[in-house]
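Data block for input00.cif (mmCIF, N, CA and C atoms):
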```cif
data_final
loop_
_atom_site.label_atom_id
_atom_site.label_comp_id
_atom_site.auth_asym_id
_atom_site.auth_seq_id
_atom_site.Cartn_x
_atom_site.Cartn_y
_atom_site.Cartn_z
N MET A 1 -4.14 5.60 -6.70
CA MET A 1 -3.31 4.43 -6.66
C MET A 1 -2.55 4.27 -7.97
N THR A 2 -2.09 5.37 -8.48
CA THR A 2 -1.45 5.34 -9.79
C THR A 2 0.06 5.14 -9.74
N ASN A 3 0.64 5.10 -8.55
CA ASN A 3 2.07 4.81 -8.50
C ASN A 3 2.29 3.48 -7.77
N ARG A 4 3.50 3.00 -7.81
CA ARG A 4 3.77 1.67 -7.24
C ARG A 4 3.55 1.60 -5.74
N TRP A 5 3.59 2.73 -5.06
CA TRP A 5 3.43 2.74 -3.61
C TRP A 5 1.97 2.82 -3.18
N GLY A 6 1.08 3.22 -4.06
CA GLY A 6 -0.32 3.41 -3.71
C GLY A 6 -0.96 2.24 -2.99
N PRO A 7 -0.91 1.04 -3.57
CA PRO A 7 -1.53 -0.10 -2.89
C PRO A 7 -0.90 -0.40 -1.53
N LEU A 8 0.41 -0.27 -1.42
CA LEU A 8 1.07 -0.52 -0.13
C LEU A 8 0.68 0.51 0.92
N VAL A 9 0.60 1.77 0.51
CA VAL A 9 0.20 2.84 1.43
C VAL A 9 -1.25 2.63 1.84
N LEU A 10 -2.08 2.20 0.91
CA LEU A 10 -3.49 1.96 1.20
C LEU A 10 -3.67 0.80 2.18
N LEU A 11 -2.85 -0.22 2.08
CA LEU A 11 -2.98 -1.37 2.97
C LEU A 11 -2.45 -1.11 4.38
N ALA A 12 -1.51 -0.19 4.52
CA ALA A 12 -0.87 0.05 5.82
C ALA A 12 -1.85 0.44 6.93
N PRO A 13 -2.75 1.41 6.70
CA PRO A 13 -3.68 1.78 7.80
C PRO A 13 -4.92 0.89 7.86
N GLU A 14 -4.83 -0.29 7.28
CA GLU A 14 -5.95 -1.22 7.21
C GLU A 14 -6.53 -1.53 8.59
N THR A 15 -5.69 -1.56 9.61
CA THR A 15 -6.15 -1.92 10.95
C THR A 15 -6.45 -0.73 11.84
N GLY A 16 -6.23 0.49 11.34
CA GLY A 16 -6.54 1.67 12.14
C GLY A 16 -5.71 2.87 11.76
N THR A 17 -5.84 3.91 12.56
CA THR A 17 -5.17 5.18 12.32
C THR A 17 -3.67 5.08 12.59
N LEU A 18 -2.88 5.68 11.68
CA LEU A 18 -1.43 5.68 11.83
C LEU A 18 -0.87 7.08 11.59
N ARG A 19 0.25 7.36 12.24
CA ARG A 19 0.98 8.60 11.98
C ARG A 19 1.95 8.37 10.82
N PHE A 20 2.50 9.47 10.29
CA PHE A 20 3.38 9.40 9.14
C PHE A 20 4.54 8.44 9.37
N SER A 21 5.22 8.58 10.51
CA SER A 21 6.38 7.72 10.79
C SER A 21 5.98 6.25 10.91
N GLN A 22 4.81 5.99 11.45
CA GLN A 22 4.33 4.61 11.57
C GLN A 22 4.04 4.02 10.18
N LEU A 23 3.46 4.85 9.32
CA LEU A 23 3.21 4.41 7.94
C LEU A 23 4.52 4.07 7.24
N ARG A 24 5.49 4.95 7.40
CA ARG A 24 6.78 4.76 6.72
C ARG A 24 7.45 3.47 7.19
N ARG A 25 7.41 3.21 8.50
CA ARG A 25 7.99 1.98 9.03
C ARG A 25 7.21 0.75 8.54
N ALA A 26 5.89 0.86 8.51
CA ALA A 26 5.06 -0.28 8.10
C ALA A 26 5.29 -0.66 6.65
N ILE A 27 5.56 0.33 5.81
CA ILE A 27 5.73 0.08 4.38
C ILE A 27 7.16 -0.34 4.08
N GLY A 28 8.13 0.38 4.62
CA GLY A 28 9.53 0.05 4.39
C GLY A 28 9.97 0.34 2.96
N GLY A 29 11.11 1.00 2.82
CA GLY A 29 11.67 1.26 1.50
C GLY A 29 11.15 2.48 0.78
N VAL A 30 10.14 3.13 1.32
CA VAL A 30 9.57 4.31 0.67
C VAL A 30 10.23 5.56 1.26
N SER A 31 10.57 6.52 0.39
CA SER A 31 11.16 7.76 0.88
C SER A 31 10.08 8.64 1.50
N GLU A 32 10.50 9.58 2.34
CA GLU A 32 9.53 10.50 2.94
C GLU A 32 8.78 11.26 1.86
N ARG A 33 9.51 11.72 0.87
CA ARG A 33 8.89 12.51 -0.21
C ARG A 33 7.84 11.69 -0.97
N MET A 34 8.18 10.45 -1.32
CA MET A 34 7.24 9.61 -2.06
C MET A 34 6.03 9.24 -1.21
N LEU A 35 6.25 8.99 0.08
CA LEU A 35 5.13 8.68 0.96
C LEU A 35 4.21 9.88 1.07
N ALA A 36 4.77 11.07 1.26
CA ALA A 36 3.95 12.29 1.35
C ALA A 36 3.16 12.50 0.07
N GLN A 37 3.81 12.32 -1.07
CA GLN A 37 3.14 12.50 -2.36
C GLN A 37 2.01 11.48 -2.54
N THR A 38 2.28 10.24 -2.19
CA THR A 38 1.27 9.19 -2.33
C THR A 38 0.09 9.43 -1.40
N LEU A 39 0.37 9.86 -0.17
CA LEU A 39 -0.71 10.17 0.77
C LEU A 39 -1.57 11.31 0.24
N GLN A 40 -0.94 12.33 -0.34
CA GLN A 40 -1.70 13.44 -0.91
C GLN A 40 -2.60 12.95 -2.05
N GLU A 41 -2.07 12.08 -2.90
CA GLU A 41 -2.86 11.55 -4.01
C GLU A 41 -4.04 10.74 -3.49
N LEU A 42 -3.79 9.87 -2.52
CA LEU A 42 -4.86 9.04 -1.97
C LEU A 42 -5.90 9.88 -1.23
N GLU A 43 -5.45 10.94 -0.58
CA GLU A 43 -6.38 11.86 0.08
C GLU A 43 -7.22 12.57 -0.98
N GLY A 44 -6.58 13.00 -2.06
CA GLY A 44 -7.29 13.66 -3.16
C GLY A 44 -8.29 12.75 -3.84
N ASP A 45 -8.02 11.45 -3.84
CA ASP A 45 -8.93 10.47 -4.43
C ASP A 45 -10.05 10.08 -3.47
N GLY A 46 -10.00 10.59 -2.24
CA GLY A 46 -11.03 10.28 -1.26
C GLY A 46 -10.85 8.94 -0.57
N LEU A 47 -9.62 8.40 -0.60
CA LEU A 47 -9.37 7.10 0.00
C LEU A 47 -8.75 7.17 1.39
N ILE A 48 -8.10 8.29 1.69
CA ILE A 48 -7.40 8.48 2.97
C ILE A 48 -7.90 9.76 3.64
N ASN A 49 -8.13 9.69 4.95
CA ASN A 49 -8.40 10.88 5.77
C ASN A 49 -7.09 11.36 6.36
N ARG A 50 -6.89 12.65 6.37
CA ARG A 50 -5.71 13.24 7.00
C ARG A 50 -6.19 14.21 8.06
N ILE A 51 -5.77 14.00 9.31
CA ILE A 51 -6.14 14.90 10.40
C ILE A 51 -4.85 15.48 10.97
N ALA A 52 -4.73 16.81 10.89
CA ALA A 52 -3.55 17.51 11.42
C ALA A 52 -3.94 18.18 12.73
N TYR A 53 -3.15 17.95 13.75
CA TYR A 53 -3.39 18.54 15.06
C TYR A 53 -2.45 19.74 15.24
N GLU A 54 -2.98 20.83 15.72
CA GLU A 54 -2.22 22.07 15.91
C GLU A 54 -1.46 22.02 17.23
N VAL A 55 -0.42 21.21 17.27
CA VAL A 55 0.42 21.07 18.46
C VAL A 55 1.88 21.14 18.04
N VAL A 56 2.75 21.30 19.01
CA VAL A 56 4.19 21.29 18.74
C VAL A 56 4.78 20.08 19.45
N PRO A 57 5.45 19.19 18.76
CA PRO A 57 5.66 19.15 17.31
C PRO A 57 4.37 18.77 16.59
N PRO A 58 4.30 19.06 15.29
CA PRO A 58 3.09 18.75 14.53
C PRO A 58 2.74 17.26 14.62
N HIS A 59 1.48 17.00 14.65
CA HIS A 59 0.96 15.63 14.79
C HIS A 59 -0.09 15.43 13.70
N VAL A 60 0.15 14.49 12.81
CA VAL A 60 -0.79 14.21 11.72
C VAL A 60 -1.12 12.72 11.74
N GLU A 61 -2.40 12.42 11.59
CA GLU A 61 -2.84 11.03 11.57
C GLU A 61 -3.55 10.73 10.26
N TYR A 62 -3.39 9.49 9.81
CA TYR A 62 -4.01 9.05 8.56
C TYR A 62 -4.87 7.82 8.83
N SER A 63 -6.03 7.79 8.20
CA SER A 63 -6.92 6.64 8.32
C SER A 63 -7.66 6.47 6.99
N LEU A 64 -8.29 5.33 6.84
CA LEU A 64 -9.04 5.06 5.62
C LEU A 64 -10.43 5.67 5.68
N THR A 65 -10.88 6.20 4.57
CA THR A 65 -12.26 6.64 4.43
C THR A 65 -13.11 5.39 4.14
N PRO A 66 -14.43 5.51 4.15
CA PRO A 66 -15.25 4.35 3.75
C PRO A 66 -14.89 3.84 2.35
N LEU A 67 -14.65 4.76 1.42
CA LEU A 67 -14.23 4.37 0.08
C LEU A 67 -12.86 3.69 0.11
N GLY A 68 -11.97 4.19 0.96
CA GLY A 68 -10.65 3.59 1.12
C GLY A 68 -10.73 2.18 1.69
N LYS A 69 -11.66 1.96 2.62
CA LYS A 69 -11.84 0.62 3.19
C LYS A 69 -12.33 -0.35 2.11
N GLU A 70 -13.24 0.14 1.27
CA GLU A 70 -13.74 -0.70 0.18
C GLU A 70 -12.61 -1.04 -0.80
N ALA A 71 -11.82 -0.05 -1.15
CA ALA A 71 -10.69 -0.27 -2.07
C ALA A 71 -9.67 -1.22 -1.44
N THR A 72 -9.43 -1.07 -0.14
CA THR A 72 -8.47 -1.92 0.57
C THR A 72 -8.90 -3.38 0.53
N GLU A 73 -10.20 -3.64 0.66
CA GLU A 73 -10.69 -5.02 0.59
C GLU A 73 -10.31 -5.65 -0.75
N ARG A 74 -10.45 -4.88 -1.81
CA ARG A 74 -10.14 -5.40 -3.14
C ARG A 74 -8.62 -5.57 -3.34
N VAL A 75 -7.86 -4.59 -2.87
CA VAL A 75 -6.40 -4.68 -2.98
C VAL A 75 -5.91 -5.86 -2.15
N ARG A 76 -6.46 -6.05 -0.96
CA ARG A 76 -6.09 -7.17 -0.09
C ARG A 76 -6.39 -8.50 -0.78
N ALA A 77 -7.54 -8.60 -1.45
CA ALA A 77 -7.89 -9.83 -2.16
C ALA A 77 -6.86 -10.15 -3.24
N VAL A 78 -6.43 -9.14 -3.99
CA VAL A 78 -5.41 -9.35 -5.02
C VAL A 78 -4.08 -9.74 -4.38
N ALA A 79 -3.70 -9.05 -3.32
CA ALA A 79 -2.44 -9.36 -2.63
C ALA A 79 -2.45 -10.79 -2.09
N ASP A 80 -3.57 -11.21 -1.51
CA ASP A 80 -3.68 -12.58 -1.00
C ASP A 80 -3.59 -13.59 -2.13
N TRP A 81 -4.25 -13.29 -3.26
CA TRP A 81 -4.18 -14.19 -4.41
C TRP A 81 -2.74 -14.33 -4.91
N ILE A 82 -2.03 -13.21 -4.98
CA ILE A 82 -0.64 -13.25 -5.44
C ILE A 82 0.20 -14.13 -4.51
N GLU A 83 0.03 -13.95 -3.20
CA GLU A 83 0.80 -14.74 -2.24
C GLU A 83 0.55 -16.24 -2.39
N THR A 84 -0.71 -16.62 -2.56
CA THR A 84 -1.02 -18.05 -2.68
C THR A 84 -0.66 -18.59 -4.06
N SER A 85 -0.59 -17.74 -5.06
CA SER A 85 -0.30 -18.18 -6.43
C SER A 85 1.18 -18.18 -6.77
N LEU A 86 2.02 -17.59 -5.94
CA LEU A 86 3.44 -17.53 -6.27
C LEU A 86 4.09 -18.91 -6.42
N PRO A 87 3.82 -19.88 -5.54
CA PRO A 87 4.46 -21.18 -5.73
C PRO A 87 4.14 -21.82 -7.10
N PRO A 88 2.85 -21.88 -7.52
CA PRO A 88 2.61 -22.48 -8.84
C PRO A 88 3.17 -21.63 -9.99
N ILE A 89 3.15 -20.32 -9.84
CA ILE A 89 3.73 -19.46 -10.87
C ILE A 89 5.23 -19.70 -10.95
N GLY A 90 5.87 -19.83 -9.79
CA GLY A 90 7.30 -20.11 -9.75
C GLY A 90 7.64 -21.42 -10.45
N LYS A 91 6.79 -22.44 -10.27
CA LYS A 91 7.01 -23.73 -10.94
C LYS A 91 6.93 -23.57 -12.46
N VAL A 92 5.98 -22.78 -12.92
CA VAL A 92 5.86 -22.53 -14.37
C VAL A 92 7.11 -21.82 -14.87
N TRP A 93 7.57 -20.82 -14.12
CA TRP A 93 8.79 -20.09 -14.52
C TRP A 93 9.99 -21.04 -14.59
N ASP A 94 10.12 -21.89 -13.56
CA ASP A 94 11.23 -22.85 -13.53
C ASP A 94 11.16 -23.80 -14.72
N SER A 95 9.97 -24.28 -15.01
CA SER A 95 9.78 -25.20 -16.13
C SER A 95 10.14 -24.53 -17.45
N ARG A 96 9.70 -23.29 -17.61
CA ARG A 96 10.00 -22.55 -18.84
C ARG A 96 11.50 -22.26 -18.95
N ALA A 97 12.13 -21.96 -17.82
CA ALA A 97 13.57 -21.68 -17.83
C ALA A 97 14.36 -22.93 -18.24
N LYS A 98 13.93 -24.08 -17.74
CA LYS A 98 14.61 -25.34 -18.06
C LYS A 98 14.46 -25.69 -19.54
N SER A 99 13.32 -25.30 -20.12
CA SER A 99 13.10 -25.60 -21.54
C SER A 99 13.66 -24.52 -22.46
N GLY A 100 14.23 -23.46 -21.86
CA GLY A 100 14.85 -22.39 -22.65
C GLY A 100 13.89 -21.32 -23.10
N LYS A 101 12.65 -21.35 -22.63
CA LYS A 101 11.67 -20.32 -23.00
C LYS A 101 11.78 -19.15 -22.04
N LYS A 102 11.46 -17.96 -22.55
CA LYS A 102 11.46 -16.77 -21.70
C LYS A 102 10.11 -16.61 -21.04
N ASN A 103 10.11 -15.99 -19.82
CA ASN A 103 8.85 -15.74 -19.10
C ASN A 103 8.09 -14.62 -19.73
#
```
Can the structure in the file be given as structure tokens, please?
Amino acid sequence: MTNRWGPLVLLAPETGTLRFSQLRRAIGGVSERMLAQTLQELEGDGLINRIAYEVVPPHVEYSLTPLGKEATERVRAVADWIETSLPPIGKVWDSRAKSGKKN
């Protein structure tokens, strides 16, 4: 999870197995190359399972490992905290902007 896409890629298969195109749509804004690289890193870290099926066209599915599920719980907690904390943080930023202070 060392790049900006890691947490988003980790959260995408939170509800179950997804194919590459489904992951890309779920995340939005990530290039194919960056998604592939991030998936490889997460697989190498033991957080994502990758299952490739020997069919034409190729079919690959991604799911969370037990370690990935544990990490996802923690990432989800941080994401939820950020969502609920944005309004008060925004008020602080507005207050500081009105007083001429930088964030």
Original post:
If I put a ball of radius 10 Å at (6.4, 10.2, 12.4) in the file's coordinates, which residues poke into it when counting only C-alpha atoms, written as a PyMOL selection string?
Top reply: chain A and resi 18-25+32+58-61
Subject >> Residue nearest A:Leu39 - candidates A:Leu86, A:Ile27, A:Val9, A:Val92, atoms counted: only N, CA and C atoms >> reply: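 Between A:Leu86, A:Ile27, A:Val9, A:Val92, the residue approaching A:Leu39 most closely is A:Val9.
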**OP:** Report the distance between atom CA of A:Leu35 and atom CA of A:Leu8 in Å, rounded to one decimal place.
**Re:**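 Value for the atom CA of A:Leu35-atom CA of A:Leu8 distance: 10.1 Å.
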**OP:** Provide the atom CA of A:Gln40 to atom CA of A:Gly16 distance in Å, to one decimal place.
**Re:**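 Atom CA of A:Gly16 lies at a distance of 18.2 Å from atom CA of A:Gln40.
Candidate residues A:Ile82, A:Ala26, A:Ile48, A:Val55 were compared for distance to A:Gly68, and the nearest is A:Ile48, using only N, CA and C atoms.
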**OP:** In Å, rounded to a single decimal, give me how far atom CA of A:Trp81 is from atom C of A:Trp93.
**Re:** 18.7 Å
Original post:
In chain A, what's strand (DSSP E) per DSSP? Answer as a list in words?
Top reply: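 Restricting chain A to strand (DSSP E) produces Leu18, Arg19, Ile48, Asn49, Arg50, Ile51, Ala52, Tyr53, His59, Val60, Glu61, Tyr62, Ser63 and Leu64 of chain A.
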Selection file, N, CA and C atoms, as a PDB file, in the frame of the given file:
```
ATOM      1  N   LEU A  18      -2.880   5.680  11.680  1.00  0.00           N
ATOM      2  CA  LEU A  18      -1.430   5.680  11.830  1.00  0.00           C
ATOM      3  C   LEU A  18      -0.870   7.080  11.590  1.00  0.00           C
ATOM      4  N   ARG A  19       0.250   7.360  12.240  1.00  0.00           N
ATOM      5  CA  ARG A  19       0.980   8.600  11.980  1.00  0.00           C
ATOM      6  C   ARG A  19       1.950   8.370  10.820  1.00  0.00           C
ATOM      7  N   ILE A  48      -8.100   8.290   1.690  1.00  0.00           N
ATOM      8  CA  ILE A  48      -7.400   8.480   2.970  1.00  0.00           C
ATOM      9  C   ILE A  48      -7.900   9.760   3.640  1.00  0.00           C
ATOM     10  N   ASN A  49      -8.130   9.690   4.950  1.00  0.00           N
ATOM     11  CA  ASN A  49      -8.400  10.880   5.770  1.00  0.00           C
ATOM     12  C   ASN A  49      -7.090  11.360   6.360  1.00  0.00           C
ATOM     13  N   ARG A  50      -6.890  12.650   6.370  1.00  0.00           N
ATOM     14  CA  ARG A  50      -5.710  13.240   7.000  1.00  0.00           C
ATOM     15  C   ARG A  50      -6.190  14.210   8.060  1.00  0.00           C
ATOM     16  N   ILE A  51      -5.770  14.000   9.310  1.00  0.00           N
ATOM     17  CA  ILE A  51      -6.140  14.900  10.400  1.00  0.00           C
ATOM     18  C   ILE A  51      -4.850  15.480  10.970  1.00  0.00           C
ATOM     19  N   ALA A  52      -4.730  16.810  10.890  1.00  0.00           N
ATOM     20  CA  ALA A  52      -3.550  17.510  11.420  1.00  0.00           C
ATOM     21  C   ALA A  52      -3.940  18.180  12.730  1.00  0.00           C
ATOM     22  N   TYR A  53      -3.150  17.950  13.750  1.00  0.00           N
ATOM     23  CA  TYR A  53      -3.390  18.540  15.060  1.00  0.00           C
ATOM     24  C   TYR A  53      -2.450  19.740  15.240  1.00  0.00           C
ATOM     25  N   HIS A  59       1.480  17.000  14.650  1.00  0.00           N
ATOM     26  CA  HIS A  59       0.960  15.630  14.790  1.00  0.00           C
ATOM     27  C   HIS A  59      -0.090  15.430  13.700  1.00  0.00           C
ATOM     28  N   VAL A  60       0.150  14.490  12.810  1.00  0.00           N
ATOM     29  CA  VAL A  60      -0.790  14.210  11.720  1.00  0.00           C
ATOM     30  C   VAL A  60      -1.120  12.720  11.740  1.00  0.00           C
ATOM     31  N   GLU A  61      -2.400  12.420  11.590  1.00  0.00           N
ATOM     32  CA  GLU A  61      -2.840  11.030  11.570  1.00  0.00           C
ATOM     33  C   GLU A  61      -3.550  10.730  10.260  1.00  0.00           C
ATOM     34  N   TYR A  62      -3.390   9.490   9.810  1.00  0.00           N
ATOM     35  CA  TYR A  62      -4.010   9.050   8.560  1.00  0.00           C
ATOM     36  C   TYR A  62      -4.870   7.820   8.830  1.00  0.00           C
ATOM     37  N   SER A  63      -6.030   7.790   8.200  1.00  0.00           N
ATOM     38  CA  SER A  63      -6.920   6.640   8.320  1.00  0.00           C
ATOM     39  C   SER A  63      -7.660   6.470   6.990  1.00  0.00           C
ATOM     40  N   LEU A  64      -8.290   5.330   6.840  1.00  0.00           N
ATOM     41  CA  LEU A  64      -9.040   5.060   5.620  1.00  0.00           C
ATOM     42  C   LEU A  64     -10.430   5.670   5.680  1.00  0.00           C
TER      43      LEU A  64
END
```
Residues of chain A in helix (DSSP H, G or I), written as a short mmCIF file (atom, residue, chain, number, x, y, z; two decimals) with N, CA and C atoms, in the coordinates of the input:
```cif
data_model
loop_
_atom_site.label_atom_id
_atom_site.label_comp_id
_atom_site.auth_asym_id
_atom_site.auth_seq_id
_atom_site.Cartn_x
_atom_site.Cartn_y
_atom_site.Cartn_z
N GLY A 6 1.08 3.22 -4.06
CA GLY A 6 -0.32 3.41 -3.71
C GLY A 6 -0.96 2.24 -2.99
N PRO A 7 -0.91 1.04 -3.57
CA PRO A 7 -1.53 -0.10 -2.89
C PRO A 7 -0.90 -0.40 -1.53
N LEU A 8 0.41 -0.27 -1.42
CA LEU A 8 1.07 -0.52 -0.13
C LEU A 8 0.68 0.51 0.92
N VAL A 9 0.60 1.77 0.51
CA VAL A 9 0.20 2.84 1.43
C VAL A 9 -1.25 2.63 1.84
N LEU A 10 -2.08 2.20 0.91
CA LEU A 10 -3.49 1.96 1.20
C LEU A 10 -3.67 0.80 2.18
N LEU A 11 -2.85 -0.22 2.08
CA LEU A 11 -2.98 -1.37 2.97
C LEU A 11 -2.45 -1.11 4.38
N ALA A 12 -1.51 -0.19 4.52
CA ALA A 12 -0.87 0.05 5.82
C ALA A 12 -1.85 0.44 6.93
N PRO A 13 -2.75 1.41 6.70
CA PRO A 13 -3.68 1.78 7.80
C PRO A 13 -4.92 0.89 7.86
N GLU A 14 -4.83 -0.29 7.28
CA GLU A 14 -5.95 -1.22 7.21
C GLU A 14 -6.53 -1.53 8.59
N THR A 15 -5.69 -1.56 9.61
CA THR A 15 -6.15 -1.92 10.95
C THR A 15 -6.45 -0.73 11.84
N PHE A 20 2.50 9.47 10.29
CA PHE A 20 3.38 9.40 9.14
C PHE A 20 4.54 8.44 9.37
N SER A 21 5.22 8.58 10.51
CA SER A 21 6.38 7.72 10.79
C SER A 21 5.98 6.25 10.91
N GLN A 22 4.81 5.99 11.45
CA GLN A 22 4.33 4.61 11.57
C GLN A 22 4.04 4.02 10.18
N LEU A 23 3.46 4.85 9.32
CA LEU A 23 3.21 4.41 7.94
C LEU A 23 4.52 4.07 7.24
N ARG A 24 5.49 4.95 7.40
CA ARG A 24 6.78 4.76 6.72
C ARG A 24 7.45 3.47 7.19
N ARG A 25 7.41 3.21 8.50
CA ARG A 25 7.99 1.98 9.03
C ARG A 25 7.21 0.75 8.54
N ALA A 26 5.89 0.86 8.51
CA ALA A 26 5.06 -0.28 8.10
C ALA A 26 5.29 -0.66 6.65
N ILE A 27 5.56 0.33 5.81
CA ILE A 27 5.73 0.08 4.38
C ILE A 27 7.16 -0.34 4.08
N GLU A 32 10.50 9.58 2.34
CA GLU A 32 9.53 10.50 2.94
C GLU A 32 8.78 11.26 1.86
N ARG A 33 9.51 11.72 0.87
CA ARG A 33 8.89 12.51 -0.21
C ARG A 33 7.84 11.69 -0.97
N MET A 34 8.18 10.45 -1.32
CA MET A 34 7.24 9.61 -2.06
C MET A 34 6.03 9.24 -1.21
N LEU A 35 6.25 8.99 0.08
CA LEU A 35 5.13 8.68 0.96
C LEU A 35 4.21 9.88 1.07
N ALA A 36 4.77 11.07 1.26
CA ALA A 36 3.95 12.29 1.35
C ALA A 36 3.16 12.50 0.07
N GLN A 37 3.81 12.32 -1.07
CA GLN A 37 3.14 12.50 -2.36
C GLN A 37 2.01 11.48 -2.54
N THR A 38 2.28 10.24 -2.19
CA THR A 38 1.27 9.19 -2.33
C THR A 38 0.09 9.43 -1.40
N LEU A 39 0.37 9.86 -0.17
CA LEU A 39 -0.71 10.17 0.77
C LEU A 39 -1.57 11.31 0.24
N GLN A 40 -0.94 12.33 -0.34
CA GLN A 40 -1.70 13.44 -0.91
C GLN A 40 -2.60 12.95 -2.05
N GLU A 41 -2.07 12.08 -2.90
CA GLU A 41 -2.86 11.55 -4.01
C GLU A 41 -4.04 10.74 -3.49
N LEU A 42 -3.79 9.87 -2.52
CA LEU A 42 -4.86 9.04 -1.97
C LEU A 42 -5.90 9.88 -1.23
N GLU A 43 -5.45 10.94 -0.58
CA GLU A 43 -6.38 11.86 0.08
C GLU A 43 -7.22 12.57 -0.98
N GLY A 44 -6.58 13.00 -2.06
CA GLY A 44 -7.29 13.66 -3.16
C GLY A 44 -8.29 12.75 -3.84
N PRO A 66 -14.43 5.51 4.15
CA PRO A 66 -15.25 4.35 3.75
C PRO A 66 -14.89 3.84 2.35
N LEU A 67 -14.65 4.76 1.42
CA LEU A 67 -14.23 4.37 0.08
C LEU A 67 -12.86 3.69 0.11
N GLY A 68 -11.97 4.19 0.96
CA GLY A 68 -10.65 3.59 1.12
C GLY A 68 -10.73 2.18 1.69
N LYS A 69 -11.66 1.96 2.62
CA LYS A 69 -11.84 0.62 3.19
C LYS A 69 -12.33 -0.35 2.11
N GLU A 70 -13.24 0.14 1.27
CA GLU A 70 -13.74 -0.70 0.18
C GLU A 70 -12.61 -1.04 -0.80
N ALA A 71 -11.82 -0.05 -1.15
CA ALA A 71 -10.69 -0.27 -2.07
C ALA A 71 -9.67 -1.22 -1.44
N THR A 72 -9.43 -1.07 -0.14
CA THR A 72 -8.47 -1.92 0.57
C THR A 72 -8.90 -3.38 0.53
N GLU A 73 -10.20 -3.64 0.66
CA GLU A 73 -10.69 -5.02 0.59
C GLU A 73 -10.31 -5.65 -0.75
N ARG A 74 -10.45 -4.88 -1.81
CA ARG A 74 -10.14 -5.40 -3.14
C ARG A 74 -8.62 -5.57 -3.34
N VAL A 75 -7.86 -4.59 -2.87
CA VAL A 75 -6.40 -4.68 -2.98
C VAL A 75 -5.91 -5.86 -2.15
N ARG A 76 -6.46 -6.05 -0.96
CA ARG A 76 -6.09 -7.17 -0.09
C ARG A 76 -6.39 -8.50 -0.78
N ALA A 77 -7.54 -8.60 -1.45
CA ALA A 77 -7.89 -9.83 -2.16
C ALA A 77 -6.86 -10.15 -3.24
N VAL A 78 -6.43 -9.14 -3.99
CA VAL A 78 -5.41 -9.35 -5.02
C VAL A 78 -4.08 -9.74 -4.38
N ALA A 79 -3.70 -9.05 -3.32
CA ALA A 79 -2.44 -9.36 -2.63
C ALA A 79 -2.45 -10.79 -2.09
N ASP A 80 -3.57 -11.21 -1.51
CA ASP A 80 -3.68 -12.58 -1.00
C ASP A 80 -3.59 -13.59 -2.13
N TRP A 81 -4.25 -13.29 -3.26
CA TRP A 81 -4.18 -14.19 -4.41
C TRP A 81 -2.74 -14.33 -4.91
N ILE A 82 -2.03 -13.21 -4.98
CA ILE A 82 -0.64 -13.25 -5.44
C ILE A 82 0.20 -14.13 -4.51
N GLU A 83 0.03 -13.95 -3.20
CA GLU A 83 0.80 -14.74 -2.24
C GLU A 83 0.55 -16.24 -2.39
N THR A 84 -0.71 -16.62 -2.56
CA THR A 84 -1.02 -18.05 -2.68
C THR A 84 -0.66 -18.59 -4.06
N SER A 85 -0.59 -17.74 -5.06
CA SER A 85 -0.30 -18.18 -6.43
C SER A 85 1.18 -18.18 -6.77
N LEU A 86 2.02 -17.59 -5.94
CA LEU A 86 3.44 -17.53 -6.27
C LEU A 86 4.09 -18.91 -6.42
N PRO A 87 3.82 -19.88 -5.54
CA PRO A 87 4.46 -21.18 -5.73
C PRO A 87 4.14 -21.82 -7.10
N PRO A 88 2.85 -21.88 -7.52
CA PRO A 88 2.61 -22.48 -8.84
C PRO A 88 3.17 -21.63 -9.99
N ILE A 89 3.15 -20.32 -9.84
CA ILE A 89 3.73 -19.46 -10.87
C ILE A 89 5.23 -19.70 -10.95
N GLY A 90 5.87 -19.83 -9.79
CA GLY A 90 7.30 -20.11 -9.75
C GLY A 90 7.64 -21.42 -10.45
N LYS A 91 6.79 -22.44 -10.27
CA LYS A 91 7.01 -23.73 -10.94
C LYS A 91 6.93 -23.57 -12.46
N VAL A 92 5.98 -22.78 -12.92
CA VAL A 92 5.86 -22.53 -14.37
C VAL A 92 7.11 -21.82 -14.87
N TRP A 93 7.57 -20.82 -14.12
CA TRP A 93 8.79 -20.09 -14.52
C TRP A 93 9.99 -21.04 -14.59
N ASP A 94 10.12 -21.89 -13.56
CA ASP A 94 11.23 -22.85 -13.53
C ASP A 94 11.16 -23.80 -14.72
N SER A 95 9.97 -24.28 -15.01
CA SER A 95 9.78 -25.20 -16.13
C SER A 95 10.14 -24.53 -17.45
N ARG A 96 9.70 -23.29 -17.61
CA ARG A 96 10.00 -22.55 -18.84
C ARG A 96 11.50 -22.26 -18.95
N ALA A 97 12.13 -21.96 -17.82
CA ALA A 97 13.57 -21.68 -17.83
C ALA A 97 14.36 -22.93 -18.24
N LYS A 98 13.93 -24.08 -17.74
CA LYS A 98 14.61 -25.34 -18.06
C LYS A 98 14.46 -25.69 -19.54
#
```
**OP:** Within 9 Å of A:Pro66, counting only C-alpha atoms, which residues show up once you throw out same-chain ones fewer than 5 positions away? Write them as a ChimeraX atom specification, please.
**Re:** /A:46-48,71
Original post:
Nearest to A:Ala79: which of A:Leu10, A:Thr2, A:Met34, A:Glu41 is it, counting only C-alpha atoms?
Top reply: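 Result for the nearest residue to A:Ala79: A:Leu10.
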